[in-house]
Amino acid sequence: MKLKICGMKYPENIIEVGALLPDYMGFIFWEESARYFDGIIPALPESIKKTGVFVNASLEYILDKIKLHDLQAIQLHGHETVEFCEILKKNTPKGLDIIKVFSILDTFDFAVINSFEKVCDFFLFDTKGKLPGGNGTTFDWKILEKYPSTKPFFLSGGIGLDEIEAVKEILKTNLPVYAIDINSKFEIEPGLKNTEKLSSFKHNLKL
């Protein structure tokens, strides 16, 4: 079980969080986000996959950020098509993870994920809200009981210290949960993470 800490913004805080050795660290390259990252990512332990989060970005923009920051994963949080994912996969370095996000509220039609199976490495399920992400609310995880695929996925959306027991329960199921993705519930302000809370979360889940 992997841990992804998303929405990082401030260099000093990035280094502090990096010391906790999450498996993935997310940087949002969407200008409308309060967590928009426009700096240079400081040196991080090699085990951490630097993840670029994009919302309906152009291929050129994504490829530019991959090269600039040496990204090892791409998270697509917009309305990207299967065709776009296919082109992206052909043009990105071998071994780079492509994560396609699907937002869930009260219901979800899992049929929409079928055509993405071959063009993505992982899915990510988040809570549908006003913003593409970072809304701080969870969706009803019981919906995932109908998950029809074996493709591993990231579980996201309003996960904090209060959700630890619920996370433990879902990990007991046969669902292919690959990683837990956390963000806003661990913030002092947008983009600035509380390392003590993060450490507690990681320790309690034995990640």
# chains A, B, ... in the order shown; residues from 1 in each chain; ligands from 1
$ residues_around --residues "Ser47 of chain A" --least-positions-apart "3" --cutoff "12 Å" --atoms "only C-alpha atoms" --output "ChimeraX atom specification"
/A:2-3,18-25,43-44,50,72
$ residues_around --residues "Pro190 of chain A" --least-positions-apart "4" --cutoff "8 Å" --atoms "only C-alpha atoms" --output "ChimeraX atom specification"
/A:7,34-35,184
$ closest_residue --among "A:Cys85, A:Leu207, A:Ile5, A:Ile48" --to "Ile98 of chain A" --atoms "only C-alpha atoms"
A:Cys85
$ select_by_dssp --residues "segment 84-175 of chain A" --states "alpha helix (DSSP H)" --output "ChimeraX atom specification"
/A:84-91,164-171
$ closest_residue --among "A:Lys142, A:Lys168, A:Lys128, A:Lys193" --to "Ile15 of chain A" --atoms "only C-alpha atoms"
A:Lys193
$ atom_distance --atom1 "atom CA of Thr195 of chain A" --atom2 "atom CA of Asn13 of chain A"
8.3 Å
$ closest_residue --among "A:Leu161, A:Asp121, A:Glu189, A:Phe154" --to "Val177 of chain A" --atoms "only C-alpha atoms"
A:Phe154
$ residues_around --residues "Pro42 of chain A" --least-positions-apart "5" --cutoff "9 Å" --atoms "only C-alpha atoms" --output "ChimeraX atom specification"
/A:11-12,14-15
$ closest_residue --among "A:Thr107, A:Thr150, A:Asn114, A:Thr137" --to "Ile182 of chain A" --atoms "only C-alpha atoms"
A:Thr137
$ closest_residue --among "A:Cys120, A:Ala73, A:Val53, A:Ala179" --to "Lys4 of chain A" --atoms "only C-alpha atoms"
A:Ala179
$ closest_residue --among "A:Pro93, A:Gly191, A:Pro176, A:Gly39" --to "Leu155 of chain A" --atoms "only C-alpha atoms"
A:Pro176
$ atom_distance --atom1 "atom CA of Gly157 of chain A" --atom2 "atom CA of Glu31 of chain A"
20.4 Å
$ residues_around --residues "Leu192 of chain A" --least-positions-apart "6" --cutoff "8 Å" --atoms "only C-alpha atoms" --output "list in words"
Met8, Lys9, Tyr10 and Asn13 of chain A
